[in-house]
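*Asks:* Here it is, the structure, as structure tokens.
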Amino acid sequence: MEGFPIISLITFIPVIGMLVILFLPKEKVQNIKITALAATLIQLVLSVILMANYNYSAGGIFEESSFQFIDKFRWINIEGLSWIGTVKIDYFMGVDGISMPMVLLTSIISVIACISSWNISKSLKGYFALFLLLDTGMMGVFVSLDFFLFYVFWELMLLPMYFLIGIWGGPRKEYAAIKFFLYTLLGSIFILIVMLGLYFSAMEILPDGQRVFTFNILTMMDQSNYTQDGILSPFNPNNWRMLAYIALFIGFAIKIPMFPFHTWLPDAHVEAPTPISVILAGVLLKMGTYGILRISYPIFPDITRELAWYIALFGAVNIIYGAFVALAQKDFKKLIAYSSVSHMGYVLLGMASLTTAGINGAILQMFNHGTITAMLFLIVGVVYDRAHTRGLNDFGGLASQMPVYTGFVTVAFFAAIGLPSLSGFISEALVFIGAFHVESIRVITIISTLGILLGAGYMLWAMQRVFFGKLNEKWSGLQDLEMREYIMFIPLTIIIILLGVYPSLMLDVMNTSVNTLVDFVSTNFTNISLGGL
Amino acid sequence: MNYENLYSSLSLIQPEITISVFLLLIVVADLIFDKNKALIPFLALAGLIIASVQVILQVTNTGYAFPFSDVYLSRKGMVTVDAFGAFFKLIIIISSFILVYFSYVSDEIKKSEKNLGEYYALIFGMILGMFFLSSASDLILIYVALELLSLSSYVLAGFSKLRTRNSEASLKYLIYGATSSGLMLFGISIFYGLSGTTNLYEINTFLASHQINHLTLSFASILIFAGIGYKISSVPFHFWTPDVYEGAPISITAYLSVASKAAGFALLVRFIKSAFVTSDDSLGYWEILSVFDWHSLLILVSILTMTLGNLTALWQNNIKRMLAYSSIAHAGYMLLGVAVLSNQGLVAVLIYFFFYLFMNLGAFFIVMLIANKTGSEEIDDYNGLGYTSPFLGVALTLFMVALIGLPPTAGFIGKLYLFIALVDAQMITVAIIALLNTVIALYYYIRVLKHMFLTKSTVETQTVSVIRPNIIFIIFMLAPVLIFGVYFGPVVDFAKRCVQILGL
């Protein structure tokens with residue numbers, strides 16, 4: 001793999017697909033679809049190759065040498081004058097155990113969503129062009145190791161998402177799209193301001209001995225690279241690290257979405273077309289938690305230790321609040337949306353534990369939630385395509401009408417509830433093991449377990465209302481799954497079962513990095529003034 | 001009279017001389033070719049090309065022209081030719097090139113073709129005024145140049161006379177303009193009364209070495225700022241902007257929003273730097289005389305300007321009015337760069353202005369093409385435009401995205417450098433206010449996109465077909481917006497070379 005820019009290829013292959021699509025005439029519907037599918041499939045194949053060549057013993061996190069498949073070159077190089085430092089920005093990408101599962105998840109979900117887009121009929125060309133641009137934006141976020149690059153990708157996906165919800169969405173699409181855009185942009189400005197603060201606090205030493213400010217995330221993790229008086233420097237007694245951490249956290253929390261910044265999510269999910277809901281729940285939400293693990297944790301280990309309790313608290317609120325609201329829903333899609341809020345709470349709780357088990361659980365939960373929720377949204381899509389309604393109370397007895405469909409639904413629902421032998425169980429168990437282990441958040445953890453109970457409640461109740469009981473005569477004409485839907489459901493089901501029985505497949509990938517991260521967060525940046533607040 | 005001195009002075013104002021000569025040529029050509037005006041735009045183009053070469057040479061060829069008298073050893077004169085001035089002259093030249101094409105395509109201007117000679121003569125009058133504003137270092141010259149610019153633009157704002165709004169725009173512009181230039185003249189007279197000189201460098205020396213009444217000086221500074229603030233349409237001197245922008249021909253609106261603003265900014269920066277700053281420190285911050293608190297005034301004005309501009313833009317239904325308020329908001333961001341009072345802040349302003357030129361003029365050009373065809377500037381009439389004219393829709397989307405300041409467009413880089421300057425100067429609170437403003441701004445820019453792509457048209461909209469030269473022109477405007485968004489090194493390098501203001 002030496003010298004072959006596989007990471008860049010994985011990131012930019014959708015853009016290449018997009019360019020091809022833009023040059024295709026819009027009547028060639030089939031060609032456009034196939035180009036999009038080909039781009040996502042190549043991306044998936046490359047990700048699998050990446051996984052096959054992945055070195056399980058390399059830790060990553062703070063050491064450039066232990067990152068894998070690095071692509072790095074000088075992107076912007078502006079020589080300094082006396083009064084303004086040299087500006088050097090790197091194009092710097094690579095993977096470690098935290099990003100590897102996310103890369104894989106993104107490519108899998110992109111393929112599934114692409115297949116799910118097959119019956120989109122309105123302005124197909126625009127749809128797939130935007131879809132592929134979105135894909136590049138998401139992938140870029142997960143592989144960037146330079147803050148500037150990270151931010152560019154982070155913002156890159158806003159506009160495609162706006163249009164994808166706004167043009168192809170449901171009745172209240174305009175409201176949902178602008179709400180999503182405004183919320184996320186609000187979050188991004190917090191990220192931007194912290195990024196600039198960090199830029200002026202950490203300096204990289206170039207090979208020729210020159211010291212320059214940098215956007216390199218890894219450089220920002222090393223305490224010794226900080227200047228004496230930078231506003232986010234741990235050496236500065238009046239530093240703003242605490243405030244910056246909170247601002248950055250809010251920026252990421254909006255994406256997760258964490259209570260009380262979650263209100264854009266139900267709107268966006270309900271209005272978005274099925275494939276976009278799948279992307280949204282499957283990948284986009286993970287960018288928030290990934291950002292916290294990649295940037296907040298290792299750059300601000302001191303503040304992380306300080307505030308871990310609050311993160312756990314917000315995690316618990318997410319779990320319980322999301323579950324209660326889900327219980328009250330009458331709309332199938334909204335129920336799944338709120339269950340996402342609840343399930344992302346587990347990720348927060350696991351991360352807040354700062355233990356190997358907890359963080360492993362959190363990352364695994366990110367992956368599992370990605371696959372399970374993607375499947376749940378596809379399930380809603382299937383029934384909505386046929387019946388054109390999503391009201392939970394409008395259905396009943398579908399099990400006898402659509403037996404195969406109901407089979408897949410059962411797998412997905414039980415995985416979401418956390419039934420042993422399905423993937424959701426492993427990650428939730430790890431989260432609880434990790435969190436319970438830490439004395440300070442034990443009470444919070446115990447309260448959070450209530451979420452499992454509530455989860456079983458809303459899921460089973462929904463299942464009962466839709467699939468059991470007497471068949472509503474109105475739906476006696478519904479067809480069971482067709483070929484295209486099998487192609488979407490089967491791989492996801494396999495992943496869910498496989499990771500339920502043999503979670504080491506994924507855990508081994510992330511374990512070394514998680515250990516490195518836990519070790520790094522618990523030992524670095526000690527004995528320095530916390531400043532701020 | 002020292003003739004050697006005069007020659008060297010004249011050689012330093014070559015671009016201005018070229019513009020004056022071509023102004024006369026246009027007037028003469030207008031008289032000779034009474035029936036056929038097709039030649040005039042090309043004459044204008046020729047003048048601009050010659051002037052642009054001369055301006056580019058000015059980046060390295062610097063000096064002072066027209067010194068007051070030979071006694072002063074410093075020989076600092078009425079006109080200061082330096083890289084900083086050259087940068088803004090370049091901005092003015094580029095937008096003038098674009099304006100010529102704008103006018104060539106515009107239906108509004110075509111309808112008044114028999115007045116084309118006056119039109120270009122007035123534009124050259126504006127250019128001349130703006131050139132002198134960019135390098136004037138004497139209060140009298142500043143005032144004369146400002147009046148030349150203003151008088152030409154008053155007439156141009158009402159030029160096409162096709163609608164009553166034209167005349168209204170012109171009259172409003174004139175009344176506000178006369179008031180603020182009166183205020184400015186009053187400020188200038190107080191400055192003269194205090195220091196006994198109108199030369200900015202001598203004022204600087206005087207302020208540094210004498211005890212003066214701070215209250216009087218502050219009063220005079222604010223009055224002068226009123227004149228400049230009117231040109232860059234900063235709050236509270238912005239009231240004319242929306243009405244004039246809406247009423248004037250689109251080509252003139254676009255030109256006013258970029259070129260005349262550029263001249264205003266050049267003047268503001270040079271005025272502060274030459275009259276109040278004693279030296280740069282090693283980090284590029286300006287050591288400013290404590291006689292007047294420019295820092296607070298500029299921060300206050302810029303925050304008010306951007307917030308008011310953005311909040312008012314939210315409610316506009318006419319796209320020209322919306323772009324007018326958006327240009328007020330952008331002036332606010334750029335003022336913030338000046339408020340940092342450092343070379344770094346100045347670099348940010350230059351970069352921002354360079355990108356703003358392309359994205360703003362690009363947006364105006366597309367608005368004009370649509371107005372040419374549909375005759376409407378209402379945002380509601382843009383419904384479904386993204387489907388009937390996909391090229392225009394996508395191009396306008398990209399310009400809007402750049403105006404919002406999202407990566408990977410040049411607009412983001414402009415904002416980035418601005419915020420870098422702010423964070424470096426530890427003006428975090430101000431930076432956050434400015435950033436929140438960009439979120440507000442998102443809403444009204446996105447609204448245009450919403451109408452183009454999300455809302456289906458209720459009536460049958462015409463397809464706005466675009467002829468090939470226009471497509472090429474739009475691509476030419478889009479290219480810098482996109483390319484400099486991912487590769488901005490050259491622009492930043494150039495801007496850094498151009499912050500050197502002579503005179504310290």
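Letters A, B, ... mark the chains of the structure tokens in the order given; residue numbers begin at 1 per chain; ligand numbers begin at 1, in order shown.
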Just want the 10 Å neighbourhood of Ala51 (chain B), counted on only C-alpha atoms, with same-chain residues fewer than 5 positions away dropped. Output as number ranges by chain.
*Replies:* B: 14-19, 22, 45-46, 56-57, 89-90, 93
*Asks:* Create the file for the chosen residues now, containing C-alpha atoms and written as an mmCIF file, in the first residue's frame.
*Replies:*
```cif
data_model
loop_
_atom_site.group_PDB
_atom_site.id
_atom_site.type_symbol
_atom_site.label_atom_id
_atom_site.label_comp_id
_atom_site.auth_asym_id
_atom_site.auth_seq_id
_atom_site.Cartn_x
_atom_site.Cartn_y
_atom_site.Cartn_z
ATOM 1 C CA GLN B 14 0.045 58.421 -14.621
ATOM 2 C CA PRO B 15 -3.095 56.319 -14.109
ATOM 3 C CA GLU B 16 -5.061 59.383 -13.095
ATOM 4 C CA ILE B 17 -3.781 61.265 -16.131
ATOM 5 C CA THR B 18 -4.777 58.393 -18.404
ATOM 6 C CA ILE B 19 -8.253 58.321 -16.951
ATOM 7 C CA PHE B 22 -9.860 59.175 -21.826
ATOM 8 C CA LEU B 45 -12.008 49.631 -22.377
ATOM 9 C CA ALA B 46 -8.818 50.932 -23.968
ATOM 10 C CA ILE B 56 0.226 47.459 -11.622
ATOM 11 C CA LEU B 57 3.550 49.271 -12.008
ATOM 12 C CA LYS B 89 -6.994 51.075 -7.584
ATOM 13 C CA LEU B 90 -6.693 47.564 -8.938
ATOM 14 C CA ILE B 93 -10.075 48.899 -12.279
#
```
*Asks:* Could you pull out the strand (DSSP E or B) residues of region 257-436 of chain B from DSSP and send them as a PyMOL selection string?
*Replies:* chain B and resi 277-280+285-288+318+342+378
*Asks:* The selected residues should be written to file as an mmCIF file, in the first residue's frame (atoms: all heavy atoms).
*Replies:*
```cif
data_model
loop_
_atom_site.group_PDB
_atom_site.id
_atom_site.type_symbol
_atom_site.label_atom_id
_atom_site.label_comp_id
_atom_site.auth_asym_id
_atom_site.auth_seq_id
_atom_site.Cartn_x
_atom_site.Cartn_y
_atom_site.Cartn_z
ATOM 1 N N VAL B 277 -1.327 57.280 13.358
ATOM 2 C CA VAL B 277 -0.464 56.181 13.768
ATOM 3 C C VAL B 277 0.993 56.638 13.747
ATOM 4 O O VAL B 277 1.437 57.248 12.779
ATOM 5 C CB VAL B 277 -0.659 54.969 12.839
ATOM 6 C CG1 VAL B 277 0.312 53.858 13.195
ATOM 7 C CG2 VAL B 277 -2.082 54.470 12.934
ATOM 8 N N THR B 278 1.713 56.346 14.818
ATOM 9 C CA THR B 278 3.106 56.778 14.862
ATOM 10 C C THR B 278 4.064 55.719 14.327
ATOM 11 O O THR B 278 5.043 56.032 13.678
ATOM 12 C CB THR B 278 3.511 57.145 16.290
ATOM 13 O OG1 THR B 278 3.133 56.067 17.146
ATOM 14 C CG2 THR B 278 2.825 58.417 16.736
ATOM 15 N N SER B 279 3.799 54.444 14.641
ATOM 16 C CA SER B 279 4.695 53.397 14.128
ATOM 17 C C SER B 279 4.016 52.039 14.223
ATOM 18 O O SER B 279 3.001 51.880 14.891
ATOM 19 C CB SER B 279 5.991 53.374 14.929
ATOM 20 O OG SER B 279 5.699 52.986 16.252
ATOM 21 N N ASP B 280 4.582 51.058 13.520
ATOM 22 C CA ASP B 280 4.127 49.671 13.665
ATOM 23 C C ASP B 280 5.010 48.989 14.681
ATOM 24 O O ASP B 280 6.213 49.213 14.695
ATOM 25 C CB ASP B 280 4.306 48.906 12.337
ATOM 26 C CG ASP B 280 3.376 49.413 11.262
ATOM 27 O OD1 ASP B 280 2.511 50.233 11.590
ATOM 28 O OD2 ASP B 280 3.537 48.994 10.106
ATOM 29 N N TYR B 285 1.100 45.546 14.929
ATOM 30 C CA TYR B 285 0.050 46.386 15.505
ATOM 31 C C TYR B 285 0.454 47.840 15.405
ATOM 32 O O TYR B 285 1.628 48.181 15.515
ATOM 33 C CB TYR B 285 -0.212 45.991 16.964
ATOM 34 C CG TYR B 285 -0.928 44.682 17.051
ATOM 35 C CD1 TYR B 285 -0.223 43.489 17.146
ATOM 36 C CD2 TYR B 285 -2.309 44.630 16.977
ATOM 37 C CE1 TYR B 285 -0.882 42.281 17.168
ATOM 38 C CE2 TYR B 285 -2.979 43.435 16.995
ATOM 39 C CZ TYR B 285 -2.257 42.253 17.088
ATOM 40 O OH TYR B 285 -2.916 41.061 17.099
ATOM 41 N N TRP B 286 -0.530 48.687 15.201
ATOM 42 C CA TRP B 286 -0.241 50.098 15.012
ATOM 43 C C TRP B 286 -0.182 50.811 16.357
ATOM 44 O O TRP B 286 -1.066 50.647 17.190
ATOM 45 C CB TRP B 286 -1.310 50.766 14.133
ATOM 46 C CG TRP B 286 -1.448 50.156 12.781
ATOM 47 C CD1 TRP B 286 -0.588 49.276 12.183
ATOM 48 C CD2 TRP B 286 -2.504 50.351 11.853
ATOM 49 N NE1 TRP B 286 -1.030 48.929 10.952
ATOM 50 C CE2 TRP B 286 -2.214 49.573 10.709
ATOM 51 C CE3 TRP B 286 -3.666 51.116 11.856
ATOM 52 C CZ2 TRP B 286 -3.048 49.528 9.603
ATOM 53 C CZ3 TRP B 286 -4.497 51.083 10.758
ATOM 54 C CH2 TRP B 286 -4.185 50.292 9.631
ATOM 55 N N GLU B 287 0.891 51.604 16.538
ATOM 56 C CA GLU B 287 0.971 52.451 17.729
ATOM 57 C C GLU B 287 0.154 53.690 17.418
ATOM 58 O O GLU B 287 0.585 54.547 16.648
ATOM 59 C CB GLU B 287 2.417 52.850 18.010
ATOM 60 C CG GLU B 287 3.393 51.698 18.114
ATOM 61 C CD GLU B 287 3.347 51.043 19.481
ATOM 62 O OE1 GLU B 287 2.634 51.577 20.358
ATOM 63 O OE2 GLU B 287 4.008 50.011 19.666
ATOM 64 N N ILE B 288 -1.017 53.793 18.006
ATOM 65 C CA ILE B 288 -1.895 54.894 17.618
ATOM 66 C C ILE B 288 -1.872 55.986 18.677
ATOM 67 O O ILE B 288 -1.759 55.701 19.878
ATOM 68 C CB ILE B 288 -3.317 54.358 17.355
ATOM 69 C CG1 ILE B 288 -4.158 55.397 16.624
ATOM 70 C CG2 ILE B 288 -3.994 53.921 18.627
ATOM 71 C CD1 ILE B 288 -5.307 54.800 15.852
ATOM 72 N N ASN B 318 -37.296 42.397 -2.315
ATOM 73 C CA ASN B 318 -36.643 42.753 -3.575
ATOM 74 C C ASN B 318 -35.185 42.342 -3.473
ATOM 75 O O ASN B 318 -34.497 42.687 -2.512
ATOM 76 C CB ASN B 318 -36.775 44.263 -3.779
ATOM 77 C CG ASN B 318 -36.112 44.723 -5.049
ATOM 78 O OD1 ASN B 318 -34.913 44.553 -5.222
ATOM 79 N ND2 ASN B 318 -36.882 45.290 -5.955
ATOM 80 N N SER B 342 -4.229 46.850 12.900
ATOM 81 C CA SER B 342 -2.941 46.175 12.736
ATOM 82 C C SER B 342 -2.777 45.830 11.267
ATOM 83 O O SER B 342 -3.751 45.850 10.509
ATOM 84 C CB SER B 342 -2.881 44.892 13.566
ATOM 85 O OG SER B 342 -3.650 43.895 12.952
ATOM 86 N N GLU B 378 -38.158 40.779 -7.794
ATOM 87 C CA GLU B 378 -38.749 40.268 -6.565
ATOM 88 C C GLU B 378 -38.272 38.840 -6.335
ATOM 89 O O GLU B 378 -38.249 38.030 -7.253
ATOM 90 C CB GLU B 378 -40.284 40.278 -6.664
ATOM 91 C CG GLU B 378 -40.879 41.656 -6.820
ATOM 92 C CD GLU B 378 -40.565 42.566 -5.636
ATOM 93 O OE1 GLU B 378 -40.769 42.133 -4.492
ATOM 94 O OE2 GLU B 378 -40.078 43.692 -5.863
#
```
*Asks:* Identify all chain A residues at most 7 Å from chain B by counting only C-alpha atoms; ligands do not count. Present them as a ChimeraX atom specification.
*Replies:* /A:76-78,82-84,152,155-156,166-167,182,185-186,189,196-197,200
*Asks:* For Thr355 (chain A), work out the shell of residues within 9 Å, counting only C-alpha atoms and skipping chain neighbours fewer than 5 positions away, then give it as a ChimeraX atom specification.
*Replies:* /A:350,360,434-435,437-438,514-515,518-519
*Asks:* Fewer than 6 positions away in the same chain doesn't count, so skip those; otherwise give me all residues within 8 Å of Ser152 (chain B), counting only C-alpha atoms, as a list of chain:residue names.
*Replies:* B:Leu122, B:Ile123, B:Gly125, B:Met126
*Asks:* Taking only C-alpha atoms into account, which of A:Asp71, A:Pro266, A:Phe128, A:Ser47 comes nearest Leu24 (chain A)?
*Replies:*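 Closest to Leu24 (chain A) of all the choices is A:Phe128.
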*Asks:* My list of candidates is A:Gly97, A:Gly477, A:Gly169, A:Gly282. Which is closest to Ser57 (chain A) when distances are computed with only C-alpha atoms?
*Replies:*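 Answer, going by the shortest atom-to-atom distance: A:Gly97.
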*Asks:* Quick one: distance from CA of Tyr56 (chain A) to CA of Met510 (chain A) in Å, one decimal?
*Replies:*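 CA of Tyr56 (chain A) sits 7.9 Å away from CA of Met510 (chain A).
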*Asks:* Quote the spacing between CA of Ile21 (chain A) and CA of Ile70 (chain A) in Å to one decimal place.
*Replies:*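 Computed distance, CA of Ile21 (chain A) to CA of Ile70 (chain A), equals 29.2 Å.
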*Asks:* Could you name the residues that touch region 320-332 of chain A at 8 Å or less, counting only C-alpha atoms, but leaving out those on the same chain fewer than 2 positions away, as a short mmCIF file (atom, residue, chain, number, x, y, z; two decimals) with C-alpha atoms, in the first residue's frame?
*Replies:*
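File part_25.cif, as written:
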```cif
data_model
loop_
_atom_site.label_atom_id
_atom_site.label_comp_id
_atom_site.auth_asym_id
_atom_site.auth_seq_id
_atom_site.Cartn_x
_atom_site.Cartn_y
_atom_site.Cartn_z
CA ALA A 316 -28.26 10.10 30.69
CA VAL A 317 -30.67 12.93 29.93
CA ASN A 318 -30.46 12.03 26.24
CA LYS A 334 -40.53 10.26 14.51
CA LEU A 335 -40.36 7.33 16.90
CA ILE A 336 -37.18 6.11 15.23
CA ALA A 337 -35.80 9.66 15.24
CA TYR A 338 -36.28 9.99 18.99
CA SER A 339 -34.92 6.51 19.56
CA SER A 340 -31.77 7.86 17.85
CA VAL A 341 -31.58 10.64 20.41
CA SER A 342 -31.84 8.02 23.11
CA VAL A 380 -40.20 2.83 7.73
CA ARG A 390 -46.48 6.44 8.77
CA GLY A 391 -49.05 6.60 11.54
CA LEU A 392 -48.37 3.80 14.00
CA ASN A 393 -52.07 3.48 14.74
CA SER A 448 -29.57 5.39 32.60
CA LEU A 450 -33.93 2.75 32.79
CA GLY A 451 -33.45 3.68 29.14
CA LEU A 454 -38.14 2.28 28.09
CA GLY A 455 -36.46 1.29 24.84
CA GLY A 457 -41.29 -0.43 25.82
CA TYR A 458 -41.55 1.90 22.84
CA ALA A 462 -44.70 0.05 18.12
#
```
*Asks:* If we count only C-alpha atoms, what is near His330 (chain B) at a cut-off of 8 Å, once residues fewer than 4 positions away on the same chain are taken out, given as a CSV table (one decimal) with all heavy atoms, in the first residue's frame?
*Replies:*
```
chain,number,residue,atom,x,y,z
B,306,MET,N,-23.0,45.7,10.8
B,306,MET,CA,-23.3,44.3,10.3
B,306,MET,C,-24.6,43.8,10.9
B,306,MET,O,-25.3,43.1,10.2
B,306,MET,CB,-22.1,43.4,10.6
B,306,MET,CG,-21.9,43.1,12.1
B,306,MET,SD,-20.6,41.9,12.3
B,306,MET,CE,-19.1,42.9,12.2
B,326,SER,N,-27.2,43.4,2.4
B,326,SER,CA,-26.1,42.5,2.6
B,326,SER,C,-24.8,43.2,2.4
B,326,SER,O,-23.8,42.9,3.1
B,326,SER,CB,-26.2,41.3,1.6
B,326,SER,OG,-25.2,41.2,0.7
B,334,MET,N,-15.8,44.2,7.2
B,334,MET,CA,-14.5,44.7,6.8
B,334,MET,C,-14.1,45.9,7.7
B,334,MET,O,-12.9,46.0,8.0
B,334,MET,CB,-14.6,45.2,5.3
B,334,MET,CG,-14.7,44.1,4.3
B,334,MET,SD,-14.6,44.6,2.6
B,334,MET,CE,-16.3,44.7,2.2
```
*Asks:* If I take CA of Tyr325 (chain B) and CA of Ile232 (chain B), how far is one from the other in Å, to one decimal?
*Replies:*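 Spanning CA of Tyr325 (chain B) to CA of Ile232 (chain B) is a straight-line distance of 12.1 Å.
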*Asks:* Give me every alpha helix (DSSP H) residue in region 391-524 of chain A, going by DSSP on the backbone, as number ranges by chain.
*Replies:* A: 398-401, 403-417, 423-437, 442-448, 450-467, 483-501, 504-523
*Asks:* Please provide as a list of chain:residue names all residues within 8 Å of region 394-408 of chain A, with the sequence filter that same-chain residues fewer than 2 positions apart are discarded (counting only C-alpha atoms).
*Replies:*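 The residues that qualify are A:Thr389, A:Arg390, A:Gly391, A:Leu392, A:Thr410, A:Val411, A:Ala412, A:Gln464, A:Arg465, A:Val466, A:Phe467, A:Phe468, A:Gly469, A:Lys470, A:Leu471, A:Asn472, A:Trp475, A:Ser476, A:Leu478, A:Gln479, A:Asp480, A:Leu481, A:Phe489, A:Thr493.
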*Asks:* Restricting the calculation to only C-alpha atoms: of A:Val409, A:Ile205, A:Val382, A:Leu499, which residue gets closest to Glu482 (chain A)?
*Replies:*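 Among the listed residues, A:Val382 lies closest to Glu482 (chain A).
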*Asks:* For Leu146 (chain B), which residue out of B:Phe476, B:Tyr230, B:Trp240, B:Tyr173 is the nearest one, using only C-alpha atoms?
*Replies:*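 Between B:Phe476, B:Tyr230, B:Trp240, B:Tyr173, the residue approaching Leu146 (chain B) most closely is B:Tyr230.
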*Asks:* Here is a test: counting only C-alpha atoms, which residue of A:Glu306, A:Asp208, A:Glu271, A:Asp222 is nearest to Arg241 (chain A)?
*Replies:*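 Closest to Arg241 (chain A), using only C-alpha atoms: A:Glu306.
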